[in-house]
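Scroll down for the structure; my scribbles are underneath it.
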Amino acid sequence: MMFWFDHNVSGWGWFAMSASMILFWALIITVAVLLFRALNRTPEHTHVPAGPSAEQLLAERFARGDIDEEDYQRRLAALRSSGPAKP
């Protein structure tokens, strides 16, 4: 006879070994699938939409009456002469 039969492994022992082997391979496959999905995911866009420009903010202040026309024209000229804003 074979060596394994000497250890008196009953039906429950075979069931426990089979169930644990199935659970082991299910865990390995699940980890592999999750790892594959995580590595192949496209990066999400975290770009924040740009807010209103400085000229738009100045125009809004002028429209609300926070600044007068002379101040608006002076500030607008200063904005346009400085060129585009640097980030």
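Residue names in the structure tokens use chain letters A, B, ... in the order shown, residue numbers from 1 in each chain, and ligand numbers from 1 in the order shown.
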Name the residues in contact with Leu76 in chain A at a cut-off of 10 Å, using only C-alpha atoms, excluding same-chain residues fewer than 5 positions from it; report them as a PDB file with all heavy atoms, in the first residue's frame.
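Final file, selection05.pdb:
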ATOM      1  N   ALA A  54      -7.484  87.568 -16.135  1.00  0.00           N
ATOM      2  CA  ALA A  54      -7.350  88.814 -15.383  1.00  0.00           C
ATOM      3  C   ALA A  54      -8.193  89.916 -16.025  1.00  0.00           C
ATOM      4  O   ALA A  54      -8.816  90.723 -15.318  1.00  0.00           O
ATOM      5  CB  ALA A  54      -5.887  89.229 -15.326  1.00  0.00           C
ATOM      6  N   GLU A  55      -8.258  89.926 -17.355  1.00  0.00           N
ATOM      7  CA  GLU A  55      -9.068  90.944 -18.037  1.00  0.00           C
ATOM      8  C   GLU A  55     -10.554  90.736 -17.764  1.00  0.00           C
ATOM      9  O   GLU A  55     -11.301  91.702 -17.582  1.00  0.00           O
ATOM     10  CB  GLU A  55      -8.796  90.918 -19.543  1.00  0.00           C
ATOM     11  CG  GLU A  55      -7.433  91.468 -19.902  1.00  0.00           C
ATOM     12  CD  GLU A  55      -7.224  91.562 -21.411  1.00  0.00           C
ATOM     13  OE1 GLU A  55      -8.223  91.511 -22.162  1.00  0.00           O
ATOM     14  OE2 GLU A  55      -6.070  91.703 -21.825  1.00  0.00           O
ATOM     15  N   LEU A  58     -11.233  91.982 -14.271  1.00  0.00           N
ATOM     16  CA  LEU A  58     -11.228  93.442 -14.269  1.00  0.00           C
ATOM     17  C   LEU A  58     -12.532  93.987 -14.860  1.00  0.00           C
ATOM     18  O   LEU A  58     -13.129  94.927 -14.324  1.00  0.00           O
ATOM     19  CB  LEU A  58     -10.017  93.956 -15.054  1.00  0.00           C
ATOM     20  CG  LEU A  58      -9.767  95.449 -15.015  1.00  0.00           C
ATOM     21  CD1 LEU A  58      -9.508  95.913 -13.590  1.00  0.00           C
ATOM     22  CD2 LEU A  58      -8.583  95.795 -15.917  1.00  0.00           C
ATOM     23  N   ALA A  59     -12.999  93.360 -15.947  1.00  0.00           N
ATOM     24  CA  ALA A  59     -14.253  93.792 -16.570  1.00  0.00           C
ATOM     25  C   ALA A  59     -15.428  93.567 -15.619  1.00  0.00           C
ATOM     26  O   ALA A  59     -16.352  94.400 -15.562  1.00  0.00           O
ATOM     27  CB  ALA A  59     -14.467  93.042 -17.882  1.00  0.00           C
ATOM     28  N   GLU A  70     -11.741 105.306 -15.489  1.00  0.00           N
ATOM     29  CA  GLU A  70     -10.327 105.699 -15.568  1.00  0.00           C
ATOM     30  C   GLU A  70      -9.435 104.612 -14.962  1.00  0.00           C
ATOM     31  O   GLU A  70      -8.414 104.229 -15.554  1.00  0.00           O
ATOM     32  CB  GLU A  70     -10.122 107.022 -14.836  1.00  0.00           C
ATOM     33  CG  GLU A  70      -8.688 107.518 -14.859  1.00  0.00           C
ATOM     34  CD  GLU A  70      -8.533 108.791 -14.028  1.00  0.00           C
ATOM     35  OE1 GLU A  70      -9.459 109.621 -14.025  1.00  0.00           O
ATOM     36  OE2 GLU A  70      -7.486 108.919 -13.397  1.00  0.00           O
ATOM     37  N   ASP A  71      -9.834 104.119 -13.805  1.00  0.00           N
ATOM     38  CA  ASP A  71      -9.067 103.056 -13.150  1.00  0.00           C
ATOM     39  C   ASP A  71      -9.083 101.783 -13.993  1.00  0.00           C
ATOM     40  O   ASP A  71      -8.071 101.089 -14.142  1.00  0.00           O
ATOM     41  CB  ASP A  71      -9.648 102.792 -11.757  1.00  0.00           C
ATOM     42  CG  ASP A  71      -8.687 102.043 -10.858  1.00  0.00           C
ATOM     43  OD1 ASP A  71      -7.479 102.040 -11.158  1.00  0.00           O
ATOM     44  OD2 ASP A  71      -9.154 101.478  -9.850  1.00  0.00           O
ATOM     45  N   SER A  81       0.088  95.476 -21.406  1.00  0.00           N
ATOM     46  CA  SER A  81       1.490  95.789 -21.668  1.00  0.00           C
ATOM     47  C   SER A  81       2.439  94.780 -21.023  1.00  0.00           C
ATOM     48  O   SER A  81       3.563  94.600 -21.482  1.00  0.00           O
ATOM     49  CB  SER A  81       1.838  97.191 -21.154  1.00  0.00           C
ATOM     50  OG  SER A  81       1.790  97.216 -19.740  1.00  0.00           O
TER      51      SER A  81
END
> Would you give me, as a PyMOL selection string, the residues in chain A that DSSP reads as helix (DSSP H, G or I)?
Replying inline: chain A and resi 3-7+11-39+54-64+69-82
> How many Å separate CA of Gly51 in chain A from CA of Leu79 in chain A?
Replying inline: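 So the two atoms, CA of Gly51 in chain A and CA of Leu79 in chain A, lie 16.6 Å apart.
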>> To one decimal place in Å, what is the distance between CA of Gly65 in chain A and CA of Ala50 in chain A?
In response: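 Atom-to-atom, CA of Gly65 in chain A and CA of Ala50 in chain A are spaced 24.9 Å apart.
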